[in-house]
Every structure is written in C-alpha cells, then in structure tokens.
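J.: Here you go, work26.json (JSON, C-alpha atoms):
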[["chain", "number", "residue", "atom", "x", "y", "z"],
["A", 1, "MET", "CA", 299.76, -134.72, -91.33],
["A", 2, "GLY", "CA", 303.44, -135.03, -90.58],
["A", 3, "ASP", "CA", 306.05, -132.30, -90.46],
["A", 4, "GLY", "CA", 307.02, -133.08, -94.05],
["A", 5, "ALA", "CA", 303.78, -131.52, -95.31],
["A", 6, "LEU", "CA", 304.30, -128.24, -93.42],
["A", 7, "SER", "CA", 305.89, -125.26, -95.14],
["A", 8, "VAL", "CA", 308.95, -123.53, -93.70],
["A", 9, "TRP", "CA", 306.71, -120.66, -92.54],
["A", 10, "GLU", "CA", 304.38, -123.07, -90.73],
["A", 11, "LYS", "CA", 307.31, -124.80, -89.03],
["A", 12, "SER", "CA", 308.86, -121.51, -87.88],
["A", 13, "SER", "CA", 305.63, -119.73, -86.97],
["A", 14, "THR", "CA", 305.02, -118.88, -83.34],
["A", 15, "ALA", "CA", 301.30, -119.42, -83.89],
["A", 16, "ARG", "CA", 300.39, -123.04, -84.55],
["A", 17, "VAL", "CA", 298.72, -123.52, -87.91],
["A", 18, "VAL", "CA", 295.92, -126.06, -87.57],
["A", 19, "PRO", "CA", 294.73, -127.61, -90.83],
["A", 20, "ALA", "CA", 290.98, -127.76, -91.46],
["A", 21, "ALA", "CA", 289.29, -130.99, -90.40],
["A", 22, "ARG", "CA", 287.65, -131.11, -93.85],
["A", 23, "PRO", "CA", 287.57, -128.68, -96.76],
["A", 24, "ARG", "CA", 284.64, -126.31, -96.70],
["A", 25, "LYS", "CA", 283.03, -123.86, -99.10],
["A", 26, "LEU", "CA", 283.19, -120.25, -98.00],
["A", 27, "ALA", "CA", 280.06, -118.93, -99.76],
["A", 28, "LYS", "CA", 277.63, -119.51, -96.88],
["A", 29, "VAL", "CA", 279.93, -119.03, -93.88],
["A", 30, "PRO", "CA", 283.04, -117.12, -95.00],
["A", 31, "PHE", "CA", 284.46, -116.63, -91.50],
["A", 32, "VAL", "CA", 284.33, -118.88, -88.45],
["A", 33, "GLU", "CA", 286.53, -118.93, -85.35],
["A", 34, "LEU", "CA", 286.75, -120.28, -81.84],
["A", 35, "ALA", "CA", 287.88, -117.20, -79.93],
["A", 36, "ASP", "CA", 287.12, -115.05, -76.90],
["A", 37, "GLY", "CA", 285.15, -117.86, -75.23],
["A", 38, "ARG", "CA", 282.73, -118.10, -78.16],
["A", 39, "LEU", "CA", 282.10, -119.82, -81.44],
["A", 40, "GLN", "CA", 281.68, -116.79, -83.67],
["A", 41, "GLY", "CA", 281.63, -115.90, -87.31],
["A", 42, "VAL", "CA", 280.02, -114.28, -90.30],
["A", 43, "VAL", "CA", 277.18, -115.98, -92.21],
["A", 44, "SER", "CA", 275.85, -114.86, -95.60],
["A", 45, "SER", "CA", 272.21, -113.94, -95.92],
["A", 46, "GLY", "CA", 270.10, -116.37, -97.89],
["A", 47, "SER", "CA", 267.92, -113.61, -99.31],
["A", 48, "ASP", "CA", 270.18, -110.58, -99.84],
["A", 49, "ILE", "CA", 273.63, -110.90, -101.40],
["A", 50, "GLY", "CA", 274.75, -107.63, -99.78],
["A", 51, "ARG", "CA", 273.88, -108.66, -96.23],
["A", 52, "VAL", "CA", 275.76, -110.83, -93.78],
["A", 53, "TYR", "CA", 274.99, -111.85, -90.22],
["A", 54, "VAL", "CA", 277.43, -111.86, -87.32],
["A", 55, "SER", "CA", 276.58, -114.85, -85.14],
["A", 56, "SER", "CA", 278.03, -116.25, -81.93],
["A", 57, "ILE", "CA", 277.49, -118.85, -79.20],
["A", 58, "ALA", "CA", 279.12, -118.45, -75.78],
["A", 59, "ALA", "CA", 281.00, -121.42, -74.36],
["A", 60, "GLY", "CA", 279.29, -123.07, -71.40],
["A", 61, "SER", "CA", 276.11, -120.98, -71.28],
["A", 62, "TYR", "CA", 275.38, -121.25, -75.04],
["A", 63, "ALA", "CA", 274.03, -117.69, -74.97],
["A", 64, "TYR", "CA", 273.60, -116.78, -78.61],
["A", 65, "SER", "CA", 273.64, -113.64, -80.68],
["A", 66, "CYS", "CA", 272.85, -112.97, -84.32],
["A", 67, "SER", "CA", 272.60, -109.60, -86.04],
["A", 68, "THR", "CA", 273.27, -108.09, -89.45],
["A", 69, "ASN", "CA", 276.50, -106.34, -90.30],
["A", 70, "ASN", "CA", 274.74, -103.03, -89.51],
["A", 71, "ASN", "CA", 273.54, -104.23, -86.07],
["A", 72, "ARG", "CA", 269.94, -105.08, -86.93],
["A", 73, "PRO", "CA", 268.73, -108.11, -84.95],
["A", 74, "CYS", "CA", 268.17, -111.37, -86.79],
["A", 75, "GLY", "CA", 264.47, -112.11, -87.16],
["A", 76, "GLY", "CA", 265.00, -115.85, -86.75],
["A", 77, "ALA", "CA", 266.92, -115.72, -83.44],
["A", 78, "ARG", "CA", 263.91, -115.25, -81.20],
["A", 79, "GLY", "CA", 263.91, -117.78, -78.40],
["A", 80, "SER", "CA", 266.24, -120.28, -80.06],
["A", 81, "PHE", "CA", 269.10, -120.69, -82.50],
["A", 82, "CYS", "CA", 268.36, -119.25, -85.95],
["A", 83, "ASN", "CA", 269.47, -120.84, -89.22],
["A", 84, "HIS", "CA", 272.54, -118.59, -89.30],
["A", 85, "ILE", "CA", 273.75, -119.98, -85.98],
["A", 86, "ARG", "CA", 273.02, -123.54, -87.10],
["A", 87, "ALA", "CA", 275.04, -122.92, -90.28],
["A", 88, "LEU", "CA", 277.86, -121.47, -88.15],
["A", 89, "VAL", "CA", 277.98, -124.64, -86.01],
["A", 90, "GLY", "CA", 277.98, -126.80, -89.15],
["A", 91, "GLU", "CA", 280.88, -124.92, -90.70],
["A", 92, "ALA", "CA", 282.81, -124.86, -87.41],
["A", 93, "VAL", "CA", 282.55, -128.66, -87.31],
["A", 94, "LEU", "CA", 283.92, -128.83, -90.86],
["A", 95, "GLN", "CA", 286.73, -126.41, -90.00],
["A", 96, "TYR", "CA", 287.77, -127.67, -86.56],
["A", 97, "GLY", "CA", 286.08, -131.05, -86.13],
["A", 98, "ALA", "CA", 283.10, -131.88, -83.91],
["A", 99, "GLU", "CA", 285.23, -132.99, -80.95],
["A", 100, "ARG", "CA", 287.18, -129.73, -80.79],
["A", 101, "VAL", "CA", 284.08, -127.54, -81.23],
["A", 102, "GLY", "CA", 282.22, -129.52, -78.54],
["A", 103, "ARG", "CA", 285.16, -129.33, -76.16],
["A", 104, "TYR", "CA", 285.57, -125.57, -76.71],
["A", 105, "LEU", "CA", 281.87, -124.84, -76.20],
["A", 106, "LYS", "CA", 281.73, -127.28, -73.24],
["A", 107, "VAL", "CA", 279.00, -129.41, -74.80],
["A", 108, "ASP", "CA", 278.54, -132.76, -73.07],
["A", 109, "THR", "CA", 277.24, -135.41, -75.47],
["A", 110, "GLU", "CA", 277.00, -139.12, -74.89],
["A", 111, "GLU", "CA", 276.95, -140.10, -78.56],
["A", 112, "ALA", "CA", 279.41, -139.42, -81.37],
["A", 113, "ALA", "CA", 279.16, -135.72, -82.02],
["A", 114, "ASP", "CA", 278.39, -134.00, -85.28],
["A", 115, "ALA", "CA", 276.93, -130.56, -85.96],
["A", 116, "HIS", "CA", 273.35, -131.73, -85.41],
["A", 117, "VAL", "CA", 274.17, -133.50, -82.13],
["A", 118, "LEU", "CA", 276.06, -130.46, -80.80],
["A", 119, "THR", "CA", 273.28, -128.07, -81.79],
["A", 120, "SER", "CA", 270.61, -130.31, -80.24],
["A", 121, "ALA", "CA", 272.55, -130.62, -76.98],
["A", 122, "MET", "CA", 272.96, -126.84, -76.74],
["A", 123, "THR", "CA", 269.35, -125.98, -77.61],
["A", 124, "ALA", "CA", 268.10, -128.56, -75.10],
["A", 125, "THR", "CA", 269.45, -126.32, -72.32],
["A", 126, "ARG", "CA", 267.22, -123.46, -73.58],
["A", 127, "PRO", "CA", 269.99, -120.87, -73.76],
["A", 128, "GLY", "CA", 269.18, -117.20, -73.61],
["A", 129, "ALA", "CA", 270.09, -114.46, -76.02],
["A", 130, "ASP", "CA", 273.41, -112.68, -75.60],
["A", 131, "ASP", "CA", 273.72, -108.90, -75.74],
["A", 132, "GLY", "CA", 275.57, -109.01, -79.08],
["A", 133, "SER", "CA", 278.33, -106.70, -77.90],
["A", 134, "ALA", "CA", 281.01, -108.81, -79.62],
["A", 135, "ALA", "CA", 279.49, -108.44, -83.09],
["A", 136, "ALA", "CA", 281.54, -105.36, -84.01],
["A", 137, "GLN", "CA", 284.84, -107.06, -83.07],
["A", 138, "VAL", "CA", 283.95, -110.21, -84.99],
["A", 139, "PHE", "CA", 282.92, -108.27, -88.09],
["A", 140, "SER", "CA", 286.08, -106.16, -87.88],
["A", 141, "ARG", "CA", 288.25, -109.30, -87.79],
["A", 142, "PHE", "CA", 286.33, -110.68, -90.77],
["A", 143, "LEU", "CA", 287.01, -107.49, -92.74],
["A", 144, "ARG", "CA", 290.68, -107.71, -91.80],
["A", 145, "HIS", "CA", 290.83, -111.27, -93.14],
["A", 146, "LEU", "CA", 289.22, -110.08, -96.38],
["A", 147, "ALA", "CA", 291.90, -107.42, -96.73],
["A", 148, "TYR", "CA", 294.59, -110.13, -96.67],
["A", 149, "LEU", "CA", 292.85, -111.92, -99.54],
["A", 150, "GLU", "CA", 293.28, -108.84, -101.71],
["A", 151, "LEU", "CA", 297.07, -108.80, -101.27],
["A", 152, "PRO", "CA", 299.22, -110.36, -103.97],
["A", 153, "ALA", "CA", 300.67, -113.77, -103.16],
["A", 154, "VAL", "CA", 304.23, -113.29, -101.90],
["A", 155, "THR", "CA", 306.62, -115.26, -99.75],
["A", 156, "GLU", "CA", 308.14, -112.27, -97.96],
["A", 157, "PRO", "CA", 306.84, -111.28, -94.51],
["A", 158, "LEU", "CA", 304.14, -108.62, -94.30],
["A", 159, "PRO", "CA", 305.44, -105.42, -92.66],
["A", 160, "GLU", "CA", 302.43, -105.16, -90.34],
["A", 161, "MET", "CA", 303.12, -108.65, -89.05],
["A", 162, "GLN", "CA", 306.80, -107.94, -88.22],
["A", 163, "TRP", "CA", 306.09, -107.54, -84.51],
["A", 164, "PHE", "CA", 305.74, -111.33, -84.24],
["A", 165, "PRO", "CA", 309.03, -112.71, -82.90],
["A", 166, "THR", "CA", 310.87, -115.39, -84.86],
["A", 167, "THR", "CA", 311.30, -118.75, -83.16],
["A", 168, "GLY", "CA", 315.04, -118.16, -82.81],
["A", 169, "ALA", "CA", 314.67, -114.76, -81.14],
["A", 170, "VAL", "CA", 316.01, -114.49, -77.61],
["A", 171, "ALA", "CA", 315.07, -111.69, -75.20],
["A", 172, "ALA", "CA", 318.06, -109.66, -74.08]]
Please re-express this file's structure in structure tokens.
T.:
Amino acid sequence: MGDGALSVWEKSSTARVVPAARPRKLAKVPFVELADGRLQGVVSSGSDIGRVYVSSIAAGSYAYSCSTNNNRPCGGARGSFCNHIRALVGEAVLQYGAERVGRYLKVDTEEAADAHVLTSAMTATRPGADDGSAAAQVFSRFLRHLAYLELPAVTEPLPEMQWFPTTGAVAA
C-alpha cells in the first residue's frame, strides 16, 4: 500500500497506522492487540451473548490467561490454551499477519507460520497460567475503543486527543 492510499490524517499522524493483514469479522474477537509484551484481547462467549472473555499470551514464556469480563476464570483454560485463546491467536494472525505475531510472541517455527502452527509451537512448550492481572487494563481499553465507535463520524480532531503533537511541532 503506497502513500497515495493513505489519508492526510494517516500521513501526518505521529502514531503509525498499520493496515490489517486481511479483513476480519469482529463478532467473535472484537478487540485484539499486541501490547505490553502480550498478545491480548477480548473474545465473545460462544454460549452467552452478554459475556466476553479477556485473554492473553505473554511473549517468550507463553504464559496464558483467560477470564470473563467480571474476573471469573475460564473453565477451558486449565492446563492448556482454551478455545478463546486459540480464537485470539487466529484473529491476531488475520489482523497483523502470522510473521508479525510470531515475531512479537518470540515463537520459533521452522515451517511457514499460520495461526495453527503458532499455537502448536507455543503449546508444545507447556506454558503455565498467568496471574491474569492485566485483564482489567485490557478490558478497559476495549471499552474505550467501543466508546469511539459511538461517536459521530467527523474529520475534526477529538478534544481528548489534542495532547498528541502534530508532526510539524517543534519543542521550544
């Protein structure tokens, strides 16, 4: 994607906007990010429309965590990755690409990586469960992203985002 396809905002933004590797549907995994040394996100429950799970995998150790939005532990994450974590890896690969996800999580694979290969390589190390302390921060960021979706579409800057410097700003 060349510079011609980028909007003026994307060209002048101080934060690099990275396009998705492939389009993805947001119903199952509405929020996924590579941040704070983890792959983390929010995964919808398959059985209860009002419940979501906050899941994460730590880079390098692959320590995993999965709990509901009200901090109840996931019943499937006992001794190995649950289906929520597997779905999170799959959506992260769609969003960022398998190479980037593997590099961020420090997964060493000898074959061409996809979500299944990455998950298999991580589970082969028999990772332990994480303490889940990051779940509140991840869920809070997810809620913040949802709040932006409720705003009307405008081209003017958002007042709460004004603290970001413009690219032409020079410190005095």
J.: Would you compute the box with edges along x, y and z of the file around range 107-122 of chain A, including every atom the file lists for it and 6 Å extra on each side, and give its centre and edge lengths in Å to one decimal, as JSON?
T.:
{"center_x": 275.0, "center_y": -133.5, "center_z": -79.5, "size_x": 20.8, "size_y": 25.3, "size_z": 24.9}
J.: Show me, as a ChimeraX atom specification, the residues that have an atom within 9 Å of range 79-81 of chain A when counting all atoms listed in the file, minus same-chain residues fewer than 6 positions from it.
T.: /A:64-66,119,123,126-129
J.: Counting all atoms listed in the file, which residue out of A:Gly50, A:Val89, A:Asp131, A:Arg100 sits closest to Ala115 in chain A?
T.: A:Val89
J.: Please provide the set of residues having any atom within 8 Å of Gly90 in chain A, restricted to all atoms listed in the file, with same-chain residues fewer than 3 positions apart removed, written as a list in words.
T.: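 Here the answer would be Arg86, Ala87, Val93, Leu94, Ala115 and His116 of chain A.
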J.: Those same residues - C-alpha atoms - I'd like them written as an mmCIF file, in the coordinates of the input.
T.:
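Dumped to again_14.cif:
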data_model
loop_
_atom_site.group_PDB
_atom_site.id
_atom_site.type_symbol
_atom_site.label_atom_id
_atom_site.label_comp_id
_atom_site.auth_asym_id
_atom_site.auth_seq_id
_atom_site.Cartn_x
_atom_site.Cartn_y
_atom_site.Cartn_z
ATOM 1 C CA ARG A 86 273.020 -123.540 -87.100
ATOM 2 C CA ALA A 87 275.040 -122.920 -90.280
ATOM 3 C CA VAL A 93 282.550 -128.660 -87.310
ATOM 4 C CA LEU A 94 283.920 -128.830 -90.860
ATOM 5 C CA ALA A 115 276.930 -130.560 -85.960
ATOM 6 C CA HIS A 116 273.350 -131.730 -85.410
#
J.: What is the CA of Ala112 in chain A to CA of Gln40 in chain A distance in Å?
T.: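 Computed distance, CA of Ala112 in chain A to CA of Gln40 in chain A, equals 22.9 Å.
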J.: Could you name the residues that touch range 141-154 of chain A at 7 Å or less, counting only C-alpha atoms, but leaving out those on the same chain fewer than 3 positions away, as a list of chain:residue names?
T.: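 Result of the neighbour search: A:Phe31, A:Gln137, A:Val138.
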J.: So what do you get for CA of Leu34 in chain A versus CA of Thr68 in chain A, distance-wise?
T.: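 Separation between CA of Leu34 in chain A and CA of Thr68 in chain A: 19.7 Å.
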J.: What does the distance between CA of Ala58 in chain A and CA of Gly37 in chain A come to in Å, to one decimal place?
T.: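 Computed distance, CA of Ala58 in chain A to CA of Gly37 in chain A, equals 6.1 Å.
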J.: Tell me which protein, DNA and RNA residues are within 8 Å of Leu118 in chain A, counting only C-alpha atoms, leaving out same-chain ones fewer than 5 positions away, and put them as an mmCIF file with C-alpha atoms, keeping the file's coordinate frame.
T.:
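Below is the file out22.cif, written as the result:
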data_model
loop_
_atom_site.group_PDB
_atom_site.id
_atom_site.type_symbol
_atom_site.label_atom_id
_atom_site.label_comp_id
_atom_site.auth_asym_id
_atom_site.auth_seq_id
_atom_site.Cartn_x
_atom_site.Cartn_y
_atom_site.Cartn_z
ATOM 1 C CA ALA A 98 283.100 -131.880 -83.910
ATOM 2 C CA GLY A 102 282.220 -129.520 -78.540
ATOM 3 C CA VAL A 107 279.000 -129.410 -74.800
ATOM 4 C CA THR A 109 277.240 -135.410 -75.470
ATOM 5 C CA ALA A 113 279.160 -135.720 -82.020
#
J.: In terms of the shortest atom-to-atom distance over only C-alpha atoms, which of A:Val32, A:Glu99, A:Asn70, A:Ser47 is closest to Ile85 in chain A?
T.: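 Smallest distance to Ile85 in chain A is found for A:Val32.
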J.: Given all atoms listed in the file as the basis, pick out the residue of A:Gly46, A:Gly41, A:Pro157, A:Gly60 nearest to Ser140 in chain A.
T.: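 Comparing A:Gly46, A:Gly41, A:Pro157, A:Gly60 against Ser140 in chain A, the winner is A:Gly41.
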J.: Find the spatial neighbours of Cys74 in chain A, counting all atoms listed in the file, within a cut-off of 10 Å - ignore same-chain residues fewer than 2 positions away - and output them as an NGL selection string.
T.: :A and (53-55 or 65-68 or 71-72 or 76-78 or 82-84)
J.: Counting all atoms listed in the file, which residue out of A:Arg103, A:Asn69, A:Ile57, A:Leu26 sits closest to Ala136 in chain A?
T.: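 For Ala136 in chain A, the nearest of the given residues is A:Asn69.
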J.: For each of A:Gly132, A:Lys28, A:Glu33, A:Ala121, take the minimum atom-to-atom distance to Ile49 in chain A, counting all atoms listed in the file, then give the residue where this is smallest.
T.: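 That would be A:Lys28, the residue with the smallest distance to Ile49 in chain A.
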